[in-house]
Amino acid sequence: MLADTLTRSLVDVLERPDLRVVAAGLMPELDISLTQPFQLGENLPEHRASPAGQACLKLGEPCLRNPALAPTFLRQAVELFRLLHGGADARLASFAAARVAALFHGLDKNASCPLPTELALCADGVPDSETLLDIWESLKLLLPEAPVFTTEDAQRLQPILVRLWPVMAPAETLMSSGGDSRLAVDPETGLNRYSCSHRPRPWAVSFGSSTASSLSERGFGGAEAARCAMMNALLSKQDPDLVQETMVKNARAGIGRHYGLPENAVLLSASGTDCELAVLALVAAETERPVSSILLAPDETGSGVPLAACGRHFATDSACATLVGKGELIEGFSADTRLIGVTIRHPDGLSRAIEDINAECLEIARREVKAGRHVLMHRLDQSKTGLAAPDMETIAILRNELGEHFSVVVDACQARLSPSRVSEWVESGAMVMVTGSKFFTGPPFCGAILLPETLRRRLPSLSLPIGLRDYAHRDEWPEGADENALNTGHNIGLALRWHAALSEMDALFVLPDETIRHRLDYFMTQAIDMVERCPSLTMLPMGKPVDDGRWDAVPTILPFLVKDPLMPERPLALDNARKLHRWLNADLSPWVREGEPALLCVLGQPVPVPHPLLDGPAGALRLCGGARLVSGEPSHAGLDEPQRLQRECADARRVLAKLELILKHWNVLLDANPVPRYAPFS
């Protein structure tokens with residue numbers, strides 16, 4: 001990406017995966033005679049490193065003198081270039097680029113160098129008109145032809161900036177908004193509570209798609225492209241509400257396209273747990289009876305799902321940035337909602353027979369309807385460990401018997417299903433919950449509900465709980481939904497997260513079904529063999545999806561228990577399994593001097609599983625196949641299919657080797673308790 005004239009240290013600073021994506025198509029060069037941080041130019045065929053038609057960006061002497069600021073200046077330059085070439089006013093574009101650069105700089109805890117004043121003043125609230133004039137004295141030097149900027153201009157511009165300031169931010173900053181506190185990035189580690197990043201993290205070996213994934217360069221590029229389109233539209237003086245609404249609706253349309261459904265069949269939700277609230281709201285609005293929600297494997301769904309399924313706040317904050325009381329009833333939901341859990345495991349941790357689960361679901365549903373209640377049945381496909389229940393035949397029986405007093409939602413939040421299968425369920429009248437953040441390896445917190453046509457027709461007549469305003473915005477729902485119960489703002493973070501996931505879906509579904517199935521089957525067969533050969537691991541039974549020839553017949557979640565290194569006769573308890581999971585994702589090189597201690601490895605978070613040798617649950621880790629395993633990543637360029645799959649298998653062996661390394665040095669690591677970070681220490 002960079003010309004040979006750059007010093008090696010500066011190349012290392014600027015050759016970051018996030019900047020590679022953002023600066024694609026530009027040719028950063030170093031010009032030590034340039035006293036400004038950067039200068040924009042284009043179409044310089046006379047320079048050997050600037051082919052005809054390719055834009056050129058010169059970095060000035062300040063970047064060489066202080067490499068810690070070079071990424072920030074590059075980010076500012078790229079943003080300014082994109083906006084100017086999108087037709088934006090130079091003054092508005094300059095302030096927007098400064099704002100983006102200031103927030104970008106703040107993402108790096110290691111960026112200890114203080115910002116230049118003109119950028120530092122853009123890091124917080126909107127500067128007043130007088131301060132804008134002061135900042136302009138520095139910003140105008142970066143423009144080839146700076147327009148005049150008067151006091152009157154500043155006074156006119158300031159209210160415009162006030163309105164646009166919240167979305168004048170890097171894609172990675174915006175993607176960490178529009179959800180609850182689990183999305184917040186810890187500035188010390190660069191990761192959120194899922195130990196994931198909204199910036200590409202290609203050095204991490206990731207098989208954790210049953211929980212969450214950091215973005216790939218492809219996903220980051222999808223979010224960045226959507227953000228750039230939004231910024232260009234906003235700065236070309238289009239209506240801000242319409243621009244943001246369009247981006248949200250484009251995400252809904254993209255999801256619908258992959259499932260063969262119209263945009264109006266797609267309801268966006270900040271997470272799978274948020275989906276539960278929307279489903280309950282829709283079902284309760286259609287019946288005068290109190291709702292009994294039958295939830296399969298409540299201990300293998302999201303931790304907040306049982307609360308959400310009863311219409312209660314499931315965290316201390318919500319997707320609309322509202323502080324709420326966790327566990328309290330949400331306004332408009334009935335306190336008479338009943339949650340009934342159905343386990344899918346025996347007390348010893350073994351899976352229950354599907355026939356027994358079906359029989360229990362039939363008995364509970366019939367009993368609840370007989371008692372004058374409406375049943376909302378959750379068909380789980382799949383659980384965190386890959387199990388599915390009850391079967392669709394049981395659902396059909398209950399539909400026929402209970403009629404209007406029975407509703408069904410398929411919890412397909414793992415999204416390990418062929419789109420054709422999902423669309424068949426929707427056409428049959430079921431709601432289906434999906435996410436872009438599990439199998440598709442998009443960023444955490446992008447959920448959606450696919451609505452059947454019958455429900456879409458009735459939607460305009462339904463009165464929804466007013467408390468949904470804390471969780472949902474108007475443009476996330478289909479046309480005709482009760483506007484009084486929905487927030488009038490826009491969840492740009494949610495939309496961008498979905499645009500990132502859609503990039504992964506696009507790359508996956510361009511492939512034939514037989515190719516998807518072959519690649520998943522090859523890897524999972526090898527992974528099972530690896531786990532079975534590892535003496536420290538005990539594989540749990542995997543799910544057995546229906547095999548009617550589609551690719552989703554391949555189980556892609558491989559759960560296993562790990563022997564406790566201090567008491568090998570029993571597995572790691574849940575708390576210790578969580579420690580192991582964190583340490584896999586951390587650089588252990590300061591404490592361990594053999595193997596690959598610096599390798600960052602991501603598996604699915606431990607799931608609590610009953611075990612007869614423990615007082616509490618064991619923790620089952622999960623090695624998962626996801627969409628990127630099938631479609632590949634930019635780092636795989638040049639590898640044919642066999643080579644790439646062999647590399648994926650080799651990476652899985654490296655993960656298990658690091659797991660063994662952790663067990664060997666368990667006591668040392670207990671004392672050190674390493675913390676996962678965005679990148680290795682090196």
# chains A, B, ... in the order shown; residues from 1 in each chain; ligands from 1

call {"tool": "closest_atom_pairs", "arguments": {"of": "region 109-194 of chain A", "to": "region 198-215 of chain A", "cutoff": "10 Å", "atoms": "only C-alpha atoms", "output": "JSON lines"}}
result
{"residue": "A:Ala171", "atom": "CA", "partner": "A:His198", "partner_atom": "CA", "distance": 8.2}
{"residue": "A:Glu172", "atom": "CA", "partner": "A:His198", "partner_atom": "CA", "distance": 5.1}
{"residue": "A:Thr173", "atom": "CA", "partner": "A:His198", "partner_atom": "CA", "distance": 8.0}
{"residue": "A:Leu174", "atom": "CA", "partner": "A:His198", "partner_atom": "CA", "distance": 9.4}
{"residue": "A:Met175", "atom": "CA", "partner": "A:His198", "partner_atom": "CA", "distance": 6.8}
{"residue": "A:Ser176", "atom": "CA", "partner": "A:His198", "partner_atom": "CA", "distance": 7.3}
{"residue": "A:Leu183", "atom": "CA", "partner": "A:His198", "partner_atom": "CA", "distance": 9.6}
{"residue": "A:Val185", "atom": "CA", "partner": "A:His198", "partner_atom": "CA", "distance": 9.0}
{"residue": "A:Gly190", "atom": "CA", "partner": "A:His198", "partner_atom": "CA", "distance": 9.2}
{"residue": "A:Leu191", "atom": "CA", "partner": "A:His198", "partner_atom": "CA", "distance": 8.2}
{"residue": "A:Asn192", "atom": "CA", "partner": "A:His198", "partner_atom": "CA", "distance": 8.8}
{"residue": "A:Tyr194", "atom": "CA", "partner": "A:Ala212", "partner_atom": "CA", "distance": 6.7}

call {"tool": "residues_around", "arguments": {"residues": "Leu59 (chain A)", "least_positions_apart": "5", "cutoff": "7 Å", "atoms": "only C-alpha atoms", "output": "PDB file with all heavy atoms, in the first residue's frame"}}
result
ATOM      1  N   PRO A  28      -0.499   6.234  -0.353  1.00  0.00           N
ATOM      2  CA  PRO A  28       0.251   7.093   0.577  1.00  0.00           C
ATOM      3  C   PRO A  28       1.745   7.094   0.264  1.00  0.00           C
ATOM      4  O   PRO A  28       2.357   6.048   0.062  1.00  0.00           O
ATOM      5  CB  PRO A  28      -0.021   6.450   1.935  1.00  0.00           C
ATOM      6  CG  PRO A  28      -1.275   5.672   1.747  1.00  0.00           C
ATOM      7  CD  PRO A  28      -1.226   5.172   0.349  1.00  0.00           C
ATOM      8  N   GLU A  29       2.316   8.275   0.206  1.00  0.00           N
ATOM      9  CA  GLU A  29       3.744   8.455  -0.015  1.00  0.00           C
ATOM     10  C   GLU A  29       4.263   9.440   1.020  1.00  0.00           C
ATOM     11  O   GLU A  29       3.494  10.190   1.618  1.00  0.00           O
ATOM     12  CB  GLU A  29       4.002   9.018  -1.422  1.00  0.00           C
ATOM     13  CG  GLU A  29       3.453   8.156  -2.543  1.00  0.00           C
ATOM     14  CD  GLU A  29       3.579   8.824  -3.904  1.00  0.00           C
ATOM     15  OE1 GLU A  29       4.074   9.974  -3.940  1.00  0.00           O
ATOM     16  OE2 GLU A  29       3.183   8.209  -4.903  1.00  0.00           O
ATOM     17  N   LEU A  30       5.557   9.424   1.211  1.00  0.00           N
ATOM     18  CA  LEU A  30       6.174  10.346   2.160  1.00  0.00           C
ATOM     19  C   LEU A  30       6.910  11.451   1.406  1.00  0.00           C
ATOM     20  O   LEU A  30       7.684  11.181   0.490  1.00  0.00           O
ATOM     21  CB  LEU A  30       7.150   9.601   3.072  1.00  0.00           C
ATOM     22  CG  LEU A  30       7.830  10.462   4.139  1.00  0.00           C
ATOM     23  CD1 LEU A  30       6.811  10.990   5.137  1.00  0.00           C
ATOM     24  CD2 LEU A  30       8.918   9.679   4.846  1.00  0.00           C
ATOM     25  N   ASP A  31       6.641  12.691   1.803  1.00  0.00           N
ATOM     26  CA  ASP A  31       7.334  13.846   1.231  1.00  0.00           C
ATOM     27  C   ASP A  31       7.859  14.679   2.401  1.00  0.00           C
ATOM     28  O   ASP A  31       7.128  15.448   3.013  1.00  0.00           O
ATOM     29  CB  ASP A  31       6.365  14.667   0.379  1.00  0.00           C
ATOM     30  CG  ASP A  31       7.051  15.849  -0.303  1.00  0.00           C
ATOM     31  OD1 ASP A  31       8.224  16.136   0.022  1.00  0.00           O
ATOM     32  OD2 ASP A  31       6.400  16.494  -1.145  1.00  0.00           O
ATOM     33  N   PRO A  37       0.800  17.840   7.771  1.00  0.00           N
ATOM     34  CA  PRO A  37       0.698  16.394   7.974  1.00  0.00           C
ATOM     35  C   PRO A  37       0.425  15.613   6.692  1.00  0.00           C
ATOM     36  O   PRO A  37       0.881  14.489   6.540  1.00  0.00           O
ATOM     37  CB  PRO A  37      -0.472  16.257   8.956  1.00  0.00           C
ATOM     38  CG  PRO A  37      -0.547  17.578   9.656  1.00  0.00           C
ATOM     39  CD  PRO A  37      -0.119  18.596   8.655  1.00  0.00           C
ATOM     40  N   PHE A  38      -0.327  16.221   5.765  1.00  0.00           N
ATOM     41  CA  PHE A  38      -0.621  15.506   4.524  1.00  0.00           C
ATOM     42  C   PHE A  38      -1.035  16.502   3.448  1.00  0.00           C
ATOM     43  O   PHE A  38      -1.332  17.671   3.713  1.00  0.00           O
ATOM     44  CB  PHE A  38      -1.724  14.456   4.721  1.00  0.00           C
ATOM     45  CG  PHE A  38      -3.058  15.014   5.136  1.00  0.00           C
ATOM     46  CD1 PHE A  38      -3.959  15.509   4.204  1.00  0.00           C
ATOM     47  CD2 PHE A  38      -3.434  15.028   6.479  1.00  0.00           C
ATOM     48  CE1 PHE A  38      -5.191  16.019   4.590  1.00  0.00           C
ATOM     49  CE2 PHE A  38      -4.660  15.532   6.872  1.00  0.00           C
ATOM     50  CZ  PHE A  38      -5.541  16.035   5.923  1.00  0.00           C
ATOM     51  N   GLN A  39      -1.084  15.967   2.209  1.00  0.00           N
ATOM     52  CA  GLN A  39      -1.550  16.740   1.072  1.00  0.00           C
ATOM     53  C   GLN A  39      -2.214  15.774   0.105  1.00  0.00           C
ATOM     54  O   GLN A  39      -1.727  14.672  -0.123  1.00  0.00           O
ATOM     55  CB  GLN A  39      -0.387  17.453   0.378  1.00  0.00           C
ATOM     56  CG  GLN A  39      -0.791  18.358  -0.767  1.00  0.00           C
ATOM     57  CD  GLN A  39       0.426  19.029  -1.385  1.00  0.00           C
ATOM     58  OE1 GLN A  39       1.164  18.418  -2.149  1.00  0.00           O
ATOM     59  NE2 GLN A  39       0.640  20.292  -1.046  1.00  0.00           N
TER      60      GLN A  39
END

call {"tool": "atom_distance", "arguments": {"atom1": "CA of Leu234 (chain A)", "atom2": "CA of Leu157 (chain A)"}}
result
13.5 Å

call {"tool": "closest_atom_pairs", "arguments": {"of": "region 578-655 of chain A", "to": "region 555-562 of chain A", "cutoff": "10 Å", "atoms": "only C-alpha atoms", "output": "Markdown table"}}
result
| residue | atom | partner | partner_atom | distance |
| --- | --- | --- | --- | --- |
| A:Leu580 | CA | A:Val562 | CA | 9.4 |
| A:Gly604 | CA | A:Pro559 | CA | 8.7 |
| A:Pro606 | CA | A:Pro559 | CA | 9.0 |
| A:Val607 | CA | A:Pro559 | CA | 8.8 |
| A:Val609 | CA | A:Leu561 | CA | 9.1 |
| A:Ala618 | CA | A:Leu561 | CA | 7.4 |
| A:Gly619 | CA | A:Leu561 | CA | 6.6 |
| A:Ala620 | CA | A:Leu561 | CA | 4.9 |
| A:Leu621 | CA | A:Phe560 | CA | 5.6 |
| A:Arg622 | CA | A:Pro559 | CA | 4.3 |
| A:Leu623 | CA | A:Leu558 | CA | 5.1 |
| A:Cys624 | CA | A:Ile557 | CA | 4.7 |
| A:Gly625 | CA | A:Thr556 | CA | 5.1 |
| A:Gly626 | CA | A:Thr556 | CA | 7.4 |

call {"tool": "residues_around", "arguments": {"residues": "region 634-647 of chain A", "least_positions_apart": "2", "cutoff": "10 Å", "atoms": "only C-alpha atoms", "output": "CSV table (one decimal) with N, CA and C atoms, in the first residue's frame"}}
result
chain,number,residue,atom,x,y,z
A,202,PRO,N,-6.9,-9.8,12.0
A,202,PRO,CA,-6.6,-11.0,11.2
A,202,PRO,C,-5.5,-11.9,11.9
A,203,TRP,N,-4.8,-11.4,12.8
A,203,TRP,CA,-3.8,-12.2,13.5
A,203,TRP,C,-4.4,-13.2,14.5
A,216,SER,N,-13.9,-9.3,9.9
A,216,SER,CA,-12.9,-9.5,8.9
A,216,SER,C,-12.7,-8.2,8.2
A,217,GLU,N,-11.7,-8.2,7.3
A,217,GLU,CA,-11.5,-7.0,6.5
A,217,GLU,C,-12.6,-6.9,5.5
A,218,ARG,N,-13.2,-8.0,5.1
A,218,ARG,CA,-14.4,-7.9,4.2
A,218,ARG,C,-15.6,-7.3,4.9
A,519,ARG,N,-17.1,-27.9,2.0
A,519,ARG,CA,-16.1,-27.2,2.8
A,519,ARG,C,-16.3,-27.4,4.2
A,520,LEU,N,-17.6,-27.2,4.6
A,520,LEU,CA,-18.0,-27.4,6.0
A,520,LEU,C,-17.7,-28.8,6.5
A,522,TYR,N,-15.7,-31.1,5.2
A,522,TYR,CA,-14.2,-31.4,5.3
A,522,TYR,C,-13.6,-30.9,6.6
A,523,PHE,N,-13.9,-29.6,6.9
A,523,PHE,CA,-13.3,-29.1,8.1
A,523,PHE,C,-13.8,-29.7,9.4
A,526,GLN,N,-12.3,-33.1,10.1
A,526,GLN,CA,-11.0,-33.0,10.6
A,526,GLN,C,-11.0,-32.5,12.1
A,629,LEU,N,-15.0,-19.6,7.1
A,629,LEU,CA,-14.3,-20.9,6.8
A,629,LEU,C,-14.6,-21.3,5.4
A,630,VAL,N,-15.8,-21.0,4.9
A,630,VAL,CA,-16.3,-21.4,3.6
A,630,VAL,C,-15.8,-20.4,2.5
A,631,SER,N,-16.0,-19.1,2.8
A,631,SER,CA,-15.7,-18.1,1.7
A,631,SER,C,-14.3,-17.6,1.7
A,632,GLY,N,-13.5,-17.9,2.8
A,632,GLY,CA,-12.2,-17.4,2.9
A,632,GLY,C,-12.1,-15.9,3.3
A,649,CYS,N,-7.5,-26.1,8.9
A,649,CYS,CA,-7.3,-27.3,9.8
A,649,CYS,C,-6.0,-27.1,10.6
A,650,ALA,N,-4.9,-26.6,10.0
A,650,ALA,CA,-3.7,-26.4,10.7
A,650,ALA,C,-3.9,-25.3,11.8
A,651,ASP,N,-4.7,-24.3,11.5
A,651,ASP,CA,-5.0,-23.3,12.5
A,651,ASP,C,-5.8,-23.9,13.7
A,652,ALA,N,-6.7,-24.8,13.4
A,652,ALA,CA,-7.4,-25.4,14.5
A,652,ALA,C,-6.5,-26.2,15.4
A,653,ARG,N,-5.5,-26.9,14.8
A,653,ARG,CA,-4.5,-27.6,15.6
A,653,ARG,C,-3.7,-26.7,16.4

call {"tool": "select_by_dssp", "arguments": {"residues": "region 460-536 of chain A", "states": "helix (DSSP H, G or I)", "output": "ChimeraX atom specification"}}
result
/A:460-461,466-470,474-476,483-485,492-509,513-533

call {"tool": "write_last_selection", "arguments": {"atoms": "N, CA and C atoms", "output": "short mmCIF file (atom, residue, chain, number, x, y, z; two decimals), in the first residue's frame"}}
result
data_model
loop_
_atom_site.label_atom_id
_atom_site.label_comp_id
_atom_site.auth_asym_id
_atom_site.auth_seq_id
_atom_site.Cartn_x
_atom_site.Cartn_y
_atom_site.Cartn_z
N PRO A 460 -50.57 -3.46 10.92
CA PRO A 460 -51.09 -2.11 11.12
C PRO A 460 -52.22 -2.01 12.15
N SER A 461 -52.87 -3.12 12.44
CA SER A 461 -53.98 -3.08 13.40
C SER A 461 -53.55 -3.41 14.83
N ILE A 466 -45.83 0.30 24.76
CA ILE A 466 -45.17 1.60 24.64
C ILE A 466 -43.70 1.51 25.05
N GLY A 467 -43.36 0.54 25.90
CA GLY A 467 -41.98 0.39 26.38
C GLY A 467 -41.00 -0.05 25.31
N LEU A 468 -41.51 -0.47 24.13
CA LEU A 468 -40.61 -0.83 23.03
C LEU A 468 -39.77 0.35 22.58
N ARG A 469 -40.21 1.57 22.93
CA ARG A 469 -39.45 2.77 22.56
C ARG A 469 -38.02 2.72 23.08
N ASP A 470 -37.80 2.01 24.16
CA ASP A 470 -36.45 1.91 24.71
C ASP A 470 -35.56 0.97 23.90
N ARG A 474 -38.44 3.28 14.65
CA ARG A 474 -39.49 3.14 13.64
C ARG A 474 -38.99 2.49 12.34
N ASP A 475 -37.81 2.90 11.86
CA ASP A 475 -37.36 2.39 10.56
C ASP A 475 -36.83 0.95 10.62
N GLU A 476 -36.72 0.39 11.83
CA GLU A 476 -36.30 -1.01 11.96
C GLU A 476 -37.47 -1.97 11.75
N GLU A 483 -46.52 3.35 15.41
CA GLU A 483 -45.49 4.37 15.58
C GLU A 483 -45.41 4.89 17.01
N ASN A 484 -46.52 4.82 17.74
CA ASN A 484 -46.52 5.34 19.12
C ASN A 484 -45.61 4.53 20.03
N ALA A 485 -45.32 3.28 19.64
CA ALA A 485 -44.53 2.40 20.50
C ALA A 485 -43.07 2.31 20.05
N ILE A 492 -27.92 3.75 13.87
CA ILE A 492 -26.91 3.64 12.82
C ILE A 492 -25.92 2.52 13.15
N GLY A 493 -25.61 2.34 14.43
CA GLY A 493 -24.71 1.25 14.80
C GLY A 493 -25.25 -0.10 14.38
N LEU A 494 -26.53 -0.35 14.64
CA LEU A 494 -27.16 -1.60 14.24
C LEU A 494 -27.14 -1.78 12.73
N ALA A 495 -27.47 -0.72 12.00
CA ALA A 495 -27.47 -0.81 10.54
C ALA A 495 -26.08 -1.14 10.00
N LEU A 496 -25.05 -0.49 10.55
CA LEU A 496 -23.69 -0.76 10.07
C LEU A 496 -23.24 -2.17 10.42
N ARG A 497 -23.63 -2.64 11.58
CA ARG A 497 -23.27 -4.02 11.94
C ARG A 497 -23.90 -5.00 10.95
N TRP A 498 -25.13 -4.72 10.56
CA TRP A 498 -25.77 -5.60 9.58
C TRP A 498 -25.11 -5.47 8.20
N HIS A 499 -24.70 -4.27 7.82
CA HIS A 499 -24.02 -4.14 6.53
C HIS A 499 -22.70 -4.92 6.54
N ALA A 500 -22.03 -4.98 7.69
CA ALA A 500 -20.82 -5.81 7.80
C ALA A 500 -21.18 -7.28 7.63
N ALA A 501 -22.23 -7.73 8.31
CA ALA A 501 -22.65 -9.13 8.20
C ALA A 501 -23.11 -9.46 6.79
N LEU A 502 -23.79 -8.52 6.13
CA LEU A 502 -24.27 -8.77 4.77
C LEU A 502 -23.11 -8.99 3.80
N SER A 503 -21.97 -8.34 4.04
CA SER A 503 -20.80 -8.59 3.20
C SER A 503 -20.36 -10.04 3.30
N GLU A 504 -20.42 -10.60 4.51
CA GLU A 504 -20.06 -12.01 4.70
C GLU A 504 -21.11 -12.92 4.06
N MET A 505 -22.39 -12.55 4.18
CA MET A 505 -23.46 -13.35 3.58
C MET A 505 -23.34 -13.34 2.06
N ASP A 506 -23.03 -12.17 1.51
CA ASP A 506 -22.85 -12.07 0.05
C ASP A 506 -21.74 -13.01 -0.42
N ALA A 507 -20.63 -13.01 0.31
CA ALA A 507 -19.49 -13.84 -0.09
C ALA A 507 -19.80 -15.32 0.04
N LEU A 508 -20.61 -15.68 1.03
CA LEU A 508 -20.96 -17.09 1.25
C LEU A 508 -21.94 -17.59 0.20
N PHE A 509 -23.01 -16.83 0.00
CA PHE A 509 -24.11 -17.35 -0.81
C PHE A 509 -23.92 -17.17 -2.31
N ASP A 513 -24.58 -24.53 -3.15
CA ASP A 513 -24.83 -25.26 -1.91
C ASP A 513 -23.87 -26.42 -1.72
N GLU A 514 -23.58 -27.13 -2.82
CA GLU A 514 -22.71 -28.30 -2.69
C GLU A 514 -21.29 -27.91 -2.28
N THR A 515 -20.84 -26.73 -2.71
CA THR A 515 -19.52 -26.25 -2.30
C THR A 515 -19.51 -25.89 -0.83
N ILE A 516 -20.55 -25.20 -0.38
CA ILE A 516 -20.66 -24.84 1.04
C ILE A 516 -20.64 -26.11 1.88
N ARG A 517 -21.43 -27.09 1.48
CA ARG A 517 -21.51 -28.33 2.26
C ARG A 517 -20.17 -29.06 2.27
N HIS A 518 -19.51 -29.14 1.13
CA HIS A 518 -18.23 -29.86 1.07
C HIS A 518 -17.20 -29.23 2.00
N ARG A 519 -17.08 -27.91 1.96
CA ARG A 519 -16.06 -27.25 2.76
C ARG A 519 -16.35 -27.37 4.25
N LEU A 520 -17.61 -27.23 4.63
CA LEU A 520 -17.96 -27.40 6.05
C LEU A 520 -17.71 -28.83 6.49
N ASP A 521 -18.12 -29.79 5.67
CA ASP A 521 -17.98 -31.19 6.04
C ASP A 521 -16.51 -31.58 6.17
N TYR A 522 -15.68 -31.09 5.25
CA TYR A 522 -14.24 -31.41 5.30
C TYR A 522 -13.64 -30.90 6.61
N PHE A 523 -13.90 -29.63 6.92
CA PHE A 523 -13.28 -29.07 8.11
C PHE A 523 -13.82 -29.72 9.38
N MET A 524 -15.14 -29.88 9.50
CA MET A 524 -15.69 -30.42 10.74
C MET A 524 -15.26 -31.87 10.95
N THR A 525 -15.10 -32.64 9.88
CA THR A 525 -14.60 -34.02 10.02
C THR A 525 -13.19 -34.00 10.60
N GLN A 526 -12.34 -33.11 10.09
CA GLN A 526 -10.99 -33.00 10.61
C GLN A 526 -10.99 -32.50 12.05
N ALA A 527 -11.87 -31.54 12.37
CA ALA A 527 -11.91 -30.98 13.72
C ALA A 527 -12.34 -32.03 14.74
N ILE A 528 -13.32 -32.84 14.39
CA ILE A 528 -13.76 -33.91 15.28
C ILE A 528 -12.61 -34.87 15.57
N ASP A 529 -11.87 -35.22 14.54
CA ASP A 529 -10.73 -36.12 14.71
C ASP A 529 -9.68 -35.49 15.63
N MET A 530 -9.42 -34.19 15.48
CA MET A 530 -8.44 -33.51 16.33
C MET A 530 -8.87 -33.56 17.80
N VAL A 531 -10.13 -33.25 18.06
CA VAL A 531 -10.61 -33.22 19.45
C VAL A 531 -10.60 -34.62 20.04
N GLU A 532 -11.00 -35.62 19.27
CA GLU A 532 -11.02 -36.99 19.79
C GLU A 532 -9.63 -37.50 20.09
N ARG A 533 -8.62 -37.01 19.38
CA ARG A 533 -7.24 -37.45 19.60
C ARG A 533 -6.56 -36.71 20.75
#

call {"tool": "residues_around", "arguments": {"residues": "Leu115 (chain A)", "least_positions_apart": "4", "cutoff": "9 Å", "atoms": "only C-alpha atoms", "output": "NGL selection string"}}
result
:A and (69 or 72 or 102 or 105 or 119-120)

call {"tool": "write_last_selection", "arguments": {"atoms": "C-alpha atoms", "output": "mmCIF file, in the first residue's frame"}}
result
data_model
loop_
_atom_site.group_PDB
_atom_site.id
_atom_site.type_symbol
_atom_site.label_atom_id
_atom_site.label_comp_id
_atom_site.auth_asym_id
_atom_site.auth_seq_id
_atom_site.Cartn_x
_atom_site.Cartn_y
_atom_site.Cartn_z
ATOM 1 C CA LEU A 69 0.284 10.328 14.909
ATOM 2 C CA THR A 72 -4.467 9.562 12.732
ATOM 3 C CA ALA A 102 -10.017 12.581 16.570
ATOM 4 C CA HIS A 105 -7.132 8.384 17.527
ATOM 5 C CA LEU A 119 -8.195 17.710 16.244
ATOM 6 C CA ALA A 120 -8.400 17.654 20.031
#

call {"tool": "residues_around", "arguments": {"residues": "Arg456 (chain A)", "least_positions_apart": "4", "cutoff": "10 Å", "atoms": "only C-alpha atoms", "output": "PDB file with C-alpha atoms, in the first residue's frame"}}
result
ATOM      1  CA  ASN A 264     -41.303  -5.459   4.753  1.00  0.00           C
ATOM      2  CA  ALA A 265     -40.854  -9.011   6.069  1.00  0.00           C
ATOM      3  CA  VAL A 266     -37.698  -8.030   7.969  1.00  0.00           C
ATOM      4  CA  LEU A 450     -38.484 -12.608   9.614  1.00  0.00           C
ATOM      5  CA  LEU A 451     -42.257 -12.165   9.608  1.00  0.00           C
ATOM      6  CA  PRO A 452     -44.803 -14.333   7.747  1.00  0.00           C
ATOM      7  CA  PRO A 460     -51.090  -2.106  11.124  1.00  0.00           C
ATOM      8  CA  PRO A 478     -42.061  -2.919   8.640  1.00  0.00           C
ATOM      9  CA  GLU A 479     -44.393  -0.248   7.317  1.00  0.00           C
ATOM     10  CA  GLY A 480     -47.605   0.075   9.294  1.00  0.00           C
ATOM     11  CA  ALA A 481     -46.183  -0.820  12.715  1.00  0.00           C
TER      12      ALA A 481
END

call {"tool": "closest_residue", "arguments": {"among": "A:Lys384, A:Arg373, A:Arg345, A:Arg91", "to": "Glu145 (chain A)", "atoms": "only C-alpha atoms"}}
result
A:Arg91
